[in-house]
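Q: Below is the file upload.cif, which contains mmCIF, C-alpha atoms.
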```cif
data_model
loop_
_atom_site.label_atom_id
_atom_site.label_comp_id
_atom_site.auth_asym_id
_atom_site.auth_seq_id
_atom_site.Cartn_x
_atom_site.Cartn_y
_atom_site.Cartn_z
CA MET D 375 82.13 102.20 106.77
CA ARG D 376 85.62 103.28 107.76
CA GLU D 377 88.31 100.69 107.07
CA PRO D 378 90.51 99.55 109.99
CA GLN D 379 93.77 101.46 110.40
CA SER D 380 97.19 99.92 110.10
CA ARG D 381 99.34 99.83 113.23
CA THR D 382 101.55 102.65 112.03
CA ALA D 383 98.55 104.81 111.13
CA ARG D 384 96.98 104.24 114.54
CA ILE D 385 100.23 105.07 116.35
CA ARG D 386 100.69 108.28 114.32
CA ASP D 387 97.15 109.39 115.09
CA LEU D 388 97.54 108.64 118.79
CA ALA D 389 100.82 110.56 118.94
CA LYS D 390 98.92 113.71 118.00
CA SER D 391 96.31 113.41 120.75
CA ASP D 392 97.34 110.87 123.40
CA GLU D 393 101.08 110.37 123.65
CA ALA D 394 100.86 107.92 126.53
CA ALA D 395 98.58 105.65 124.50
CA ALA D 396 100.85 106.05 121.45
CA LEU D 397 103.90 105.03 123.47
CA LYS D 398 102.07 101.97 124.79
CA GLU D 399 101.07 100.89 121.26
CA LEU D 400 104.52 101.70 119.87
CA ARG D 401 106.34 99.73 122.57
CA LEU D 402 104.14 96.70 121.89
CA PHE D 403 104.71 97.11 118.15
CA LEU D 404 108.51 97.15 118.55
CA VAL D 405 108.56 94.22 120.97
CA GLU D 406 106.28 92.04 118.86
CA THR D 407 107.96 92.93 115.56
CA PHE D 408 111.59 92.53 116.60
CA ASP D 409 111.49 90.52 119.86
CA ILE D 410 113.65 93.09 121.65
CA GLU D 411 113.68 94.94 124.94
CA VAL D 412 112.33 98.48 124.77
CA HIS D 413 113.09 100.98 127.54
CA ASP D 414 112.89 104.77 127.83
CA LEU D 415 110.83 105.04 124.64
CA GLN D 416 110.41 108.61 123.38
CA ILE D 417 108.56 110.13 120.42
CA ASN D 418 110.39 113.01 118.78
CA HIS D 419 107.99 115.82 117.91
CA ASP D 420 109.56 117.97 115.19
CA GLN D 421 108.36 120.12 112.33
CA TYR D 422 109.76 117.76 109.68
CA SER D 423 107.70 114.72 110.66
CA LEU D 424 104.93 115.48 108.17
CA ASN D 425 104.10 111.89 107.19
CA SER D 426 106.35 110.01 109.56
CA LEU D 427 107.12 109.35 113.19
CA ASN D 428 110.53 108.99 114.81
CA GLY D 429 112.07 108.80 118.22
CA PHE D 430 114.43 106.99 120.54
CA PHE D 431 114.59 104.02 122.89
CA ARG D 432 117.08 101.96 124.82
CA GLY D 433 117.49 98.22 124.34
CA SER D 434 119.18 95.77 126.68
CA LYS D 435 122.58 97.29 125.87
CA ASP D 436 122.45 99.86 123.07
CA ARG D 437 120.58 103.08 122.29
CA PHE D 438 118.41 103.19 119.18
CA PHE D 439 116.64 105.62 116.84
CA PHE D 440 113.46 104.52 115.06
CA LYS D 441 111.53 105.98 112.15
CA PHE D 442 108.57 104.98 110.04
CA HIS D 443 106.80 106.64 107.14
CA GLN D 444 103.05 106.13 107.00
CA GLU D 445 100.77 106.84 104.04
CA GLU D 446 97.01 106.85 103.67
CA GLY D 447 95.86 103.50 102.27
CA GLU D 448 99.30 102.03 102.89
CA GLU D 449 97.84 98.53 102.99
CA GLU D 450 97.07 98.86 99.28
CA MET D 451 100.67 99.69 98.41
CA SER D 452 102.58 97.63 95.88
CA GLY D 453 106.30 97.35 95.24
CA GLU D 454 109.26 97.08 97.59
CA TYR D 455 109.90 99.62 100.35
CA TYR D 456 112.83 100.60 102.54
CA ARG D 457 115.48 99.24 100.19
CA ALA D 458 118.52 100.45 102.09
CA ASP D 459 120.61 97.62 100.63
CA LEU D 460 119.95 98.96 97.13
CA ILE D 461 121.30 102.39 98.06
CA ALA D 462 124.34 100.93 99.83
CA LYS D 463 125.22 98.64 96.91
CA ALA D 464 125.10 101.65 94.58
CA ASN D 465 127.80 103.28 96.77
CA LEU D 466 125.60 106.11 97.96
CA PRO D 467 126.33 107.03 101.59
CA ILE D 468 123.62 105.60 103.82
CA ASP D 469 123.19 104.68 107.46
CA LEU D 470 121.98 101.08 107.40
CA PRO D 471 119.27 100.06 109.88
CA VAL D 472 119.93 97.26 112.34
CA LEU D 473 116.27 96.16 112.30
CA THR D 474 113.75 96.44 109.48
CA SER D 475 110.08 95.64 108.99
CA VAL D 476 108.72 96.17 105.47
CA GLN D 477 105.23 94.73 105.86
CA PRO D 478 102.73 97.32 104.51
CA GLY D 479 101.09 99.01 107.46
CA GLU D 480 103.86 97.82 109.79
CA GLN D 481 106.91 99.37 108.14
CA ILE D 482 109.57 100.62 110.51
CA LEU D 483 113.35 101.01 110.62
CA VAL D 484 115.52 100.89 113.73
CA TYR D 485 119.02 102.41 113.73
CA ARG D 486 121.76 102.59 116.30
CA ARG D 487 121.46 106.01 117.83
CA ARG D 488 124.13 108.45 116.74
CA ASP D 489 125.12 111.89 117.95
CA ASP D 490 125.30 113.53 114.50
CA ARG D 491 122.79 116.23 113.67
CA ARG D 492 120.40 116.14 110.78
CA PHE D 493 121.36 118.43 107.91
CA SER D 494 117.93 120.07 108.20
CA ASP D 495 118.74 121.31 111.71
CA VAL D 496 122.11 122.70 110.64
CA LEU D 497 120.53 124.62 107.77
CA ARG D 498 117.64 125.84 109.92
CA GLU D 499 120.17 127.61 112.14
CA LEU D 500 121.81 129.20 109.08
CA ASP D 501 118.41 130.41 107.87
CA ASP D 502 117.96 132.06 111.24
CA GLU D 503 121.44 133.52 111.55
CA HIS D 504 123.79 133.36 108.58
CA ASP D 505 127.41 132.43 109.13
CA GLU D 506 129.54 132.41 105.98
CA LYS D 507 132.06 129.84 107.22
CA SER D 508 129.35 127.39 108.25
CA ALA D 509 127.44 128.03 105.02
CA ALA D 510 130.57 127.22 103.01
CA ILE D 511 130.96 123.92 104.89
CA ALA D 512 127.32 123.07 104.20
CA ASP D 513 127.69 124.05 100.54
CA LEU D 514 130.75 121.83 100.05
CA ALA D 515 129.04 118.89 101.75
CA GLU D 516 125.99 119.35 99.51
CA ARG D 517 128.14 119.49 96.38
CA GLN D 518 130.08 116.38 97.35
CA LEU D 519 126.86 114.45 97.97
CA ASN D 520 125.44 115.57 94.64
CA GLU D 521 128.61 114.49 92.84
CA LYS D 522 128.06 111.01 94.30
CA ILE D 523 124.38 111.09 93.31
CA LEU D 524 125.38 112.11 89.78
CA THR D 525 127.92 109.28 89.49
CA VAL D 526 125.33 106.71 90.56
CA ALA D 527 122.62 108.20 88.34
CA LYS D 528 124.87 108.10 85.28
CA LYS D 529 126.12 104.59 86.02
CA SER D 530 122.68 103.17 86.75
CA LEU D 531 120.75 104.97 83.99
CA HIS D 532 118.97 102.43 81.82
CA PRO D 533 115.89 102.13 79.60
CA VAL D 534 112.80 101.12 81.56
CA THR D 535 109.36 99.84 80.71
CA LYS D 536 106.15 101.51 81.81
CA GLU D 537 105.49 98.50 84.04
CA GLN D 538 108.85 98.84 85.79
CA VAL D 539 108.26 102.53 86.42
CA ALA D 540 104.70 101.94 87.61
CA ASN D 541 105.96 99.49 90.25
CA GLU D 542 108.26 102.04 91.87
CA PRO D 543 106.97 103.26 95.27
CA ILE D 544 107.81 106.93 94.58
CA HIS D 545 104.40 107.44 92.98
CA ARG D 546 102.95 107.31 96.50
CA LEU D 547 104.47 110.77 97.03
CA PHE D 548 103.25 112.25 93.77
CA TYR D 549 100.66 110.79 91.39
CA GLU D 550 98.83 108.64 93.92
CA ARG D 551 98.22 111.67 96.12
CA LEU D 552 96.34 113.22 93.19
CA ILE D 553 93.94 110.31 92.62
CA ASP D 554 91.71 107.89 94.45
CA ILE D 555 94.02 104.93 95.03
CA LYS D 556 91.30 102.30 94.68
CA THR D 557 89.32 103.66 91.74
CA ARG D 558 92.29 105.47 90.10
CA GLU D 559 89.95 108.38 89.42
CA ALA D 560 90.98 112.04 89.54
CA PRO D 561 90.74 114.26 91.40
CA GLY D 562 91.17 112.17 94.50
CA GLY D 563 93.47 111.53 97.43
CA ARG D 564 95.05 114.50 99.13
CA PHE D 565 94.34 116.73 96.14
CA LYS D 566 90.61 116.32 96.62
CA LYS D 567 90.71 116.20 100.41
CA PHE D 568 92.89 119.29 100.82
CA TYR D 569 91.60 121.60 98.10
CA ILE D 570 88.60 120.65 96.00
CA ASP D 571 85.48 122.62 97.05
CA GLN D 572 87.30 124.15 100.02
CA THR D 573 87.71 127.76 101.19
CA PHE D 574 91.08 129.52 101.19
CA ALA D 575 91.87 132.19 103.76
CA PHE D 576 94.60 134.64 102.76
CA PRO D 577 95.61 138.06 104.07
CA GLY D 578 93.31 140.36 102.14
CA ALA D 579 91.08 137.79 100.46
CA THR D 580 89.02 134.66 101.05
CA LEU D 581 88.51 132.51 97.96
CA SER D 582 86.62 129.42 96.92
CA TRP D 583 88.44 126.60 95.15
CA ALA D 584 86.86 127.60 91.84
CA GLU D 585 88.11 131.16 92.23
CA LEU D 586 91.60 130.08 93.25
CA ALA D 587 91.90 127.38 90.59
CA ASP D 588 90.72 129.49 87.65
CA ALA D 589 92.28 132.86 88.46
CA THR D 590 95.08 134.27 86.36
CA LEU D 591 98.14 134.63 88.58
CA VAL D 592 100.34 137.63 89.23
CA LEU D 593 103.26 136.94 91.58
CA ASN D 594 104.99 140.07 92.89
CA GLY D 595 103.86 141.86 89.76
CA GLN D 596 104.90 139.08 87.36
CA ASP D 597 102.18 137.51 85.20
CA MET D 598 102.27 133.72 85.12
CA ILE D 599 101.24 131.48 82.24
CA SER D 600 99.40 128.86 84.31
CA THR D 601 96.62 129.03 86.88
CA ILE D 602 96.62 126.97 90.07
CA GLY D 603 94.11 124.66 88.38
CA ASN D 604 96.42 124.31 85.37
CA ILE D 605 99.30 123.38 87.66
CA PHE D 606 97.34 120.50 89.18
CA ASP D 607 96.04 119.39 85.78
CA ASN D 608 99.57 119.44 84.40
CA ALA D 609 100.75 117.32 87.32
CA LEU D 610 98.09 114.71 86.64
CA GLU D 611 99.39 114.45 83.09
CA ASN D 612 103.13 114.86 83.60
CA LEU D 613 103.47 112.69 86.72
CA HIS D 614 101.36 109.78 85.49
CA PRO D 615 103.67 106.74 85.84
CA ALA D 616 103.04 105.73 82.23
CA HIS D 617 104.43 109.08 81.07
CA LEU D 618 107.74 108.89 82.97
CA ALA D 619 109.46 105.90 81.38
CA ASN D 620 110.84 107.80 78.39
CA ALA D 621 113.55 109.46 80.51
CA GLY D 622 114.96 106.14 81.73
CA GLY D 623 115.38 104.79 85.22
CA VAL D 624 118.11 105.12 87.86
CA VAL D 625 118.95 103.95 91.35
CA ALA D 626 117.85 106.65 93.77
CA HIS D 627 116.78 107.39 97.35
CA GLY D 628 114.01 109.66 96.07
CA ASP D 629 112.93 111.17 99.40
CA ALA D 630 116.20 112.75 100.46
CA HIS D 631 114.90 115.88 102.13
CA ASN D 632 117.45 117.02 104.67
CA ALA D 633 115.57 115.63 107.67
CA ASN D 634 116.58 112.25 106.16
CA VAL D 635 120.25 113.24 105.92
CA TRP D 636 122.90 113.04 108.64
CA PHE D 637 125.47 115.85 108.91
CA GLU D 638 128.82 114.41 110.01
CA ASN D 639 130.99 117.37 110.94
CA GLY D 640 134.67 117.37 111.72
CA ASP D 641 137.75 119.56 111.29
CA GLY D 642 136.08 122.17 109.10
CA GLU D 643 134.61 119.68 106.66
CA ALA D 644 131.39 117.73 106.70
CA GLN D 645 129.98 114.64 105.04
CA LEU D 646 126.34 113.84 104.40
CA SER D 647 124.70 110.43 104.54
CA TYR D 648 121.15 109.21 104.01
CA PHE D 649 118.75 107.32 106.19
CA ASP D 650 115.07 106.34 105.86
CA PRO D 651 115.07 105.16 102.21
CA ALA D 652 111.32 104.46 102.29
CA PHE D 653 110.84 105.06 98.56
CA ALA D 654 114.18 104.01 97.09
CA GLY D 655 114.16 102.20 93.78
CA GLU D 656 116.29 100.78 90.99
CA HIS D 657 113.94 101.70 88.12
CA PHE D 658 113.32 105.14 89.56
CA PRO D 659 112.03 107.57 86.89
CA SER D 660 115.10 109.73 86.38
CA LEU D 661 113.38 113.12 86.31
CA LEU D 662 111.84 112.48 89.74
CA ALA D 663 115.01 111.17 91.38
CA GLU D 664 116.12 114.50 92.89
CA ALA D 665 112.90 116.49 92.48
CA LYS D 666 111.69 116.23 96.06
CA ALA D 667 115.15 116.95 97.49
CA THR D 668 115.46 119.99 95.23
CA PHE D 669 112.21 121.45 96.46
CA HIS D 670 112.23 120.52 100.12
CA ASN D 671 115.87 121.43 100.70
CA VAL D 672 115.63 124.78 98.94
CA PHE D 673 112.22 126.26 98.11
CA ALA D 674 110.48 125.03 101.27
CA HIS D 675 112.72 127.42 103.20
CA PRO D 676 113.09 129.72 104.97
CA PHE D 677 110.42 128.81 107.48
CA TRP D 678 107.16 128.87 105.52
CA LEU D 679 106.53 125.12 105.01
CA TYR D 680 107.93 123.68 108.22
CA ASP D 681 107.64 126.72 110.54
CA PRO D 682 104.53 128.58 109.33
CA GLN D 683 104.15 130.69 112.48
CA VAL D 684 107.75 131.86 112.18
CA ALA D 685 107.05 132.76 108.55
CA ALA D 686 104.02 134.79 109.62
CA ASP D 687 106.17 136.66 112.12
CA ARG D 688 109.07 137.26 109.71
CA PHE D 689 107.37 137.91 106.37
CA LYS D 690 104.51 139.85 104.87
CA ALA D 691 102.06 138.57 102.29
CA ARG D 692 99.06 140.18 100.67
CA VAL D 693 96.49 138.65 98.32
CA SER D 694 94.03 140.53 96.16
CA TYR D 695 91.39 139.07 93.88
CA GLU D 696 89.55 141.11 91.28
CA LYS D 697 87.76 140.15 88.05
CA GLY D 698 89.29 136.70 87.93
CA ALA D 699 92.86 137.87 88.59
CA LEU D 700 94.74 136.77 91.72
CA ALA D 701 97.75 138.79 92.84
CA ILE D 702 100.08 137.51 95.56
CA ASP D 703 102.70 139.90 96.88
CA THR D 704 105.25 138.88 99.49
CA ASP D 705 108.71 139.78 100.79
CA TRP D 706 109.56 136.11 101.30
CA ALA D 707 112.81 135.08 99.59
CA LEU D 708 115.46 132.38 99.79
CA THR D 709 118.18 132.91 102.36
CA PRO D 710 121.85 133.00 101.26
CA VAL D 711 122.43 129.38 102.30
CA ARG D 712 119.41 128.17 100.31
CA GLU D 713 120.63 130.08 97.27
CA ARG D 714 123.96 128.28 97.63
CA LEU D 715 122.26 124.91 97.90
CA LEU D 716 120.21 125.64 94.79
CA ARG D 717 123.36 126.51 92.82
CA ALA D 718 125.02 123.35 94.13
CA LYS D 719 122.07 121.23 93.05
CA ALA D 720 122.04 122.85 89.61
CA GLU D 721 125.78 122.68 89.00
CA ALA D 722 126.69 119.38 90.66
CA PHE D 723 123.66 117.33 89.63
CA TRP D 724 120.94 118.70 87.36
CA GLN D 725 122.98 120.36 84.62
CA PRO D 726 125.41 117.47 84.03
CA PHE D 727 122.71 114.84 84.45
CA LEU D 728 120.36 116.45 81.94
CA MET D 729 123.29 116.72 79.53
CA HIS D 730 123.88 113.00 80.06
CA LEU D 731 120.21 112.21 79.40
CA LYS D 732 120.41 114.23 76.20
CA SER D 733 123.54 112.40 75.07
CA ARG D 734 121.71 109.10 75.58
CA ASP D 735 118.59 110.30 73.72
CA LEU D 736 116.63 109.99 76.95
CA LEU D 737 115.75 113.64 77.52
CA PRO D 738 112.07 114.17 76.62
CA GLU D 739 110.89 117.48 75.21
CA ASN D 740 108.68 118.05 78.25
CA TRP D 741 111.45 117.52 80.82
CA GLU D 742 111.04 121.02 82.26
CA ALA D 743 107.26 120.68 82.51
CA THR D 744 107.66 117.32 84.26
CA LEU D 745 110.19 118.66 86.73
CA ARG D 746 108.06 121.74 87.39
CA SER D 747 105.09 119.48 88.15
CA ALA D 748 107.15 117.46 90.61
CA LEU D 749 108.47 120.60 92.30
CA ALA D 750 104.96 122.07 92.61
CA MET D 751 103.39 118.90 93.99
CA SER D 752 106.13 118.50 96.60
CA PRO D 753 104.60 121.15 98.90
CA ALA D 754 101.01 121.01 97.65
CA LEU D 755 100.59 117.32 98.48
CA VAL D 756 102.86 116.92 101.48
CA MET D 757 100.49 118.91 103.71
CA ASN D 758 97.35 121.00 103.47
CA LEU D 759 98.43 124.51 102.47
CA ARG D 760 95.11 126.13 103.39
CA GLY D 761 95.29 128.72 106.14
CA ASN D 762 93.59 128.25 109.52
CA VAL D 763 92.88 124.57 108.83
CA GLU D 764 95.85 122.50 109.99
CA ARG D 765 99.38 123.87 110.39
CA HIS D 766 99.17 126.88 108.11
CA ASN D 767 98.02 130.41 108.79
CA PRO D 768 96.81 132.88 106.11
CA THR D 769 100.29 134.39 105.62
CA SER D 770 102.16 131.09 105.27
CA SER D 771 99.34 129.81 103.04
CA ALA D 772 99.75 132.79 100.71
CA ILE D 773 103.51 132.21 100.60
CA GLY D 774 102.88 128.51 100.00
CA PHE D 775 100.69 129.08 96.96
CA TYR D 776 103.11 131.78 95.76
CA VAL D 777 106.02 129.31 95.83
CA THR D 778 103.92 126.47 94.38
CA ALA D 779 102.88 128.70 91.48
CA MET D 780 106.41 130.03 90.95
CA VAL D 781 107.92 126.55 90.59
CA GLY D 782 104.87 125.16 88.76
CA SER D 783 104.50 127.78 86.04
CA ARG D 784 106.69 129.78 83.72
CA PRO D 785 106.13 133.53 83.77
CA VAL D 786 104.62 135.23 80.74
CA SER D 787 107.84 137.22 80.46
CA GLY D 788 110.90 138.03 82.52
CA ASP D 789 112.83 135.93 84.99
CA ASN D 790 112.71 134.87 88.61
CA VAL D 791 114.76 132.56 90.82
CA VAL D 792 113.10 129.49 89.29
CA THR D 793 113.60 130.50 85.65
CA ASP D 794 117.24 131.25 86.53
CA PHE D 795 117.52 127.68 87.84
CA PHE D 796 116.00 126.16 84.71
CA ASN D 797 118.14 128.31 82.43
CA ALA D 798 121.22 127.09 84.31
CA ILE D 799 120.39 123.40 83.86
CA ASP D 800 118.86 123.43 80.36
CA PRO D 801 121.20 121.42 78.06
CA ASP D 802 120.13 123.49 75.07
CA LYS D 803 121.27 126.70 76.77
CA GLN D 804 124.73 125.50 77.69
CA ILE D 805 127.74 126.59 75.66
#
```
Write the structure described by the file as structure tokens, please.
A:
Amino acid sequence: MREPQSRTARIRDLAKSDEAAALKELRLFLVETFDIEVHDLQINHDQYSLNSLNGFFRGSKDRFFFKFHQEEGEEEMSGEYYRADLIAKANLPIDLPVLTSVQPGEQILVYRRRDDRRFSDVLRELDDEHDEKSAAIADLAERQLNEKILTVAKKSLHPVTKEQVANEPIHRLFYERLIDIKTREAPGGRFKKFYIDQTFAFPGATLSWAELADATLVLNGQDMISTIGNIFDNALENLHPAHLANAGGVVAHGDAHNANVWFENGDGEAQLSYFDPAFAGEHFPSLLAEAKATFHNVFAHPFWLYDPQVAADRFKARVSYEKGALAIDTDWALTPVRERLLRAKAEAFWQPFLMHLKSRDLLPENWEATLRSALAMSPALVMNLRGNVERHNPTSSAIGFYVTAMVGSRPVSGDNVVTDFFNAIDPDKQI
């Protein structure tokens, strides 16, 4: 018997098929929750709303922007959510909501509407048509934000217990998407729903899950150590909440992909500020604090994760499978602005922060494996990467598994853009 949906889940589902009904439910939700007037209600359909819904409305006097994040089984969630006050008190830049509901299944934030653009939209334009001056402004803004993140991470770093880490809501984006939430058995959740016993359509090959999971991987001619199955198994081990306490805890937003970041531009310089801190925490496992932002703001682009049809039009991908070996070849690559953001993330946050962890004897030996698992699960669990099933086509699916494998596994030999990143941030490789 199917369990009843939460209000946010029902509204999200309706928005996909019956917008008029969704608007009716959403208006009632806002009125009943906040006792406010709601006029000119609009749902914003954009490529970044993977597990959330946002839009606009007018009150009796002011204009507002709303957003809520909705997870499967949200009613079973534990811990505190939408802790904007925590981020503000830590002196991280954040747009504070004027109205907040944190009841599981009825979580929603309401902000005063602003005219600033999201950083994701600014960068999307630079992916499409590079402009060096604009890229430099974006790069500087990213570096300045990461310097603030680093300051807060260093200041707030503290030993944590396994219980404190387990109570952080961030696991909803990682480990709890790999398991059945109620039974705690693996595989479960999105991992099982999206991939186990499914068929995978790629350009040049159609594979079963067993074939995909067990195949040795060759990415653009480079042999990889791990299989796709290994990458998921590693994530189950490395991202288990009980295995994350040894790197300490910090105050962090945790879900700061650039569709949750405002871009305040003026006089040739820009500032970035957060919103939607759905998974913020004060005992946040330190190695996960900037993992999702690192992946979604860099490796998810250009185009393939959020604009799969554009990726299919712009890039080529070919998959071949023979005698248990899977080769993925593609001309997909980071754009110049994403390369700059990756360097900024490495230089302004990861390298100095890992050095700080090491100086405090809080850097575990498996830090790279843990971070690789978090990077790999960021795309694999945020949406179904199979082609011709939901949003993805065979080409974008091939690119998706290529990128997931590249961040999730070391190569047998040689380097790539991901090994370059890890070499740049490894404390043991710094002079």
Q: At most 6 Å from (101.7, 104.9, 88.8), file frame, all atoms listed in the file: which residues, as a compact mmCIF listing (two decimals) with C-alpha atoms, in the frame of the given file?
A:
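Output contents, as saved in out.txt:
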```txt
# COMPACT_ATOMS: atom_id res chain seq x y z
CA ALA D 540 104.70 101.94 87.61
CA HIS D 545 104.40 107.44 92.98
CA HIS D 614 101.36 109.78 85.49
CA PRO D 615 103.67 106.74 85.84
```
Q: Find the distance between atom CA of Pro471 of chain D and atom CA of Tyr485 of chain D and write it in Å to one decimal.
A: 4.5 Å
Q: Evaluate the PyMOL selection byres ((chain D and resi 774) around 10) against this structure - the residues, as a PyMOL selection string, please.
A: chain D and resi 673-674+678-679+682+753-754+758-761+766+768-773+775-780
Q: Those residues you just picked out, can you put them in a file as a PDB file, keeping the file's coordinate frame with C-alpha atoms?
A:
```
ATOM      1  CA  PHE D 673     112.220 126.260  98.110  1.00  0.00           C
ATOM      2  CA  ALA D 674     110.480 125.030 101.270  1.00  0.00           C
ATOM      3  CA  TRP D 678     107.160 128.870 105.520  1.00  0.00           C
ATOM      4  CA  LEU D 679     106.530 125.120 105.010  1.00  0.00           C
ATOM      5  CA  PRO D 682     104.530 128.580 109.330  1.00  0.00           C
ATOM      6  CA  PRO D 753     104.600 121.150  98.900  1.00  0.00           C
ATOM      7  CA  ALA D 754     101.010 121.010  97.650  1.00  0.00           C
ATOM      8  CA  ASN D 758      97.350 121.000 103.470  1.00  0.00           C
ATOM      9  CA  LEU D 759      98.430 124.510 102.470  1.00  0.00           C
ATOM     10  CA  ARG D 760      95.110 126.130 103.390  1.00  0.00           C
ATOM     11  CA  GLY D 761      95.290 128.720 106.140  1.00  0.00           C
ATOM     12  CA  HIS D 766      99.170 126.880 108.110  1.00  0.00           C
ATOM     13  CA  PRO D 768      96.810 132.880 106.110  1.00  0.00           C
ATOM     14  CA  THR D 769     100.290 134.390 105.620  1.00  0.00           C
ATOM     15  CA  SER D 770     102.160 131.090 105.270  1.00  0.00           C
ATOM     16  CA  SER D 771      99.340 129.810 103.040  1.00  0.00           C
ATOM     17  CA  ALA D 772      99.750 132.790 100.710  1.00  0.00           C
ATOM     18  CA  ILE D 773     103.510 132.210 100.600  1.00  0.00           C
ATOM     19  CA  PHE D 775     100.690 129.080  96.960  1.00  0.00           C
ATOM     20  CA  TYR D 776     103.110 131.780  95.760  1.00  0.00           C
ATOM     21  CA  VAL D 777     106.020 129.310  95.830  1.00  0.00           C
ATOM     22  CA  THR D 778     103.920 126.470  94.380  1.00  0.00           C
ATOM     23  CA  ALA D 779     102.880 128.700  91.480  1.00  0.00           C
ATOM     24  CA  MET D 780     106.410 130.030  90.950  1.00  0.00           C
TER      25      MET D 780
END
```
Q: Just checking: using only C-alpha atoms, which residue out of D:Phe565, D:Phe606, D:Phe637, D:Phe439 ends up closest to Arg492 of chain D?
A: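 The shortest atom-to-atom distance to Arg492 of chain D comes from D:Phe637.
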Q: Can you pull out every residue within 9 Å of Asn612 of chain D, counting all atoms listed in the file, but drop anything in the same chain fewer than 5 positions away, and send it as a list of chain:residue names?
A: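 Here the qualifying residues turn out to be D:Asp607, D:His617, D:Leu618, D:Asn740, D:Ala743, D:Thr744, D:Leu745, D:Ser747, D:Ala748.
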Q: Those residues with C-alpha atoms, as a PDB file, keeping the file's coordinate frame please?
A:
```pdb
ATOM      1  CA  ASP D 607      96.040 119.390  85.780  1.00  0.00           C
ATOM      2  CA  HIS D 617     104.430 109.080  81.070  1.00  0.00           C
ATOM      3  CA  LEU D 618     107.740 108.890  82.970  1.00  0.00           C
ATOM      4  CA  ASN D 740     108.680 118.050  78.250  1.00  0.00           C
ATOM      5  CA  ALA D 743     107.260 120.680  82.510  1.00  0.00           C
ATOM      6  CA  THR D 744     107.660 117.320  84.260  1.00  0.00           C
ATOM      7  CA  LEU D 745     110.190 118.660  86.730  1.00  0.00           C
ATOM      8  CA  SER D 747     105.090 119.480  88.150  1.00  0.00           C
ATOM      9  CA  ALA D 748     107.150 117.460  90.610  1.00  0.00           C
TER      10      ALA D 748
END
```
Q: Atom CA of Asn671 of chain D to atom CA of Leu715 of chain D: how many Å, to one decimal?
A: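 Computed distance, atom CA of Asn671 of chain D to atom CA of Leu715 of chain D, equals 7.8 Å.
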Q: Could you state which residues are captured by the PyMOL selection byres ((chain D and resi 638) around 9) in this file, as a ChimeraX atom specification?
A: /D:490-493,636-637,639-640,643-647
Q: Could I get the residues of segment 605-624 of chain D with an atom no further than 10 Å from an atom of segment 782-801 of chain D, each paired with its nearest atom pair and that distance in Å to one decimal, using only C-alpha atoms, sorted by chain and residue number, as JSON lines?
A:
```
{"residue": "D:Ile605", "atom": "CA", "partner": "D:Gly782", "partner_atom": "CA", "distance": 6.0}
{"residue": "D:Phe606", "atom": "CA", "partner": "D:Gly782", "partner_atom": "CA", "distance": 8.9}
{"residue": "D:Asn608", "atom": "CA", "partner": "D:Gly782", "partner_atom": "CA", "distance": 8.9}
{"residue": "D:Ala609", "atom": "CA", "partner": "D:Gly782", "partner_atom": "CA", "distance": 9.0}
```
Q: So that I can check the surroundings of segment 394-407 of chain D, please list as a PyMOL selection string every protein, DNA and RNA residue that reaches within 8 Å of it, counting all atoms listed in the file and ignoring chain neighbours fewer than 2 positions away.
A: chain D and resi 381+385-386+388-389+392+409-412+415-417+475
Q: Can you tell me, as a list in words, what residues are no more than 9 Å from segment 522-528 of chain D when counting only C-alpha atoms, ignoring any on the same chain fewer than 3 positions away?
A: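 The residues satisfying every condition are Ala464, Asn465, Leu466, Pro467, Arg517, Gln518, Leu519, Leu531, His532, Gly623, Val624, Val625, Ala626, Ser660, Ala663, Glu664, Ala722, Phe723, Trp724, Pro726, Phe727, His730 and Leu731 of chain D.
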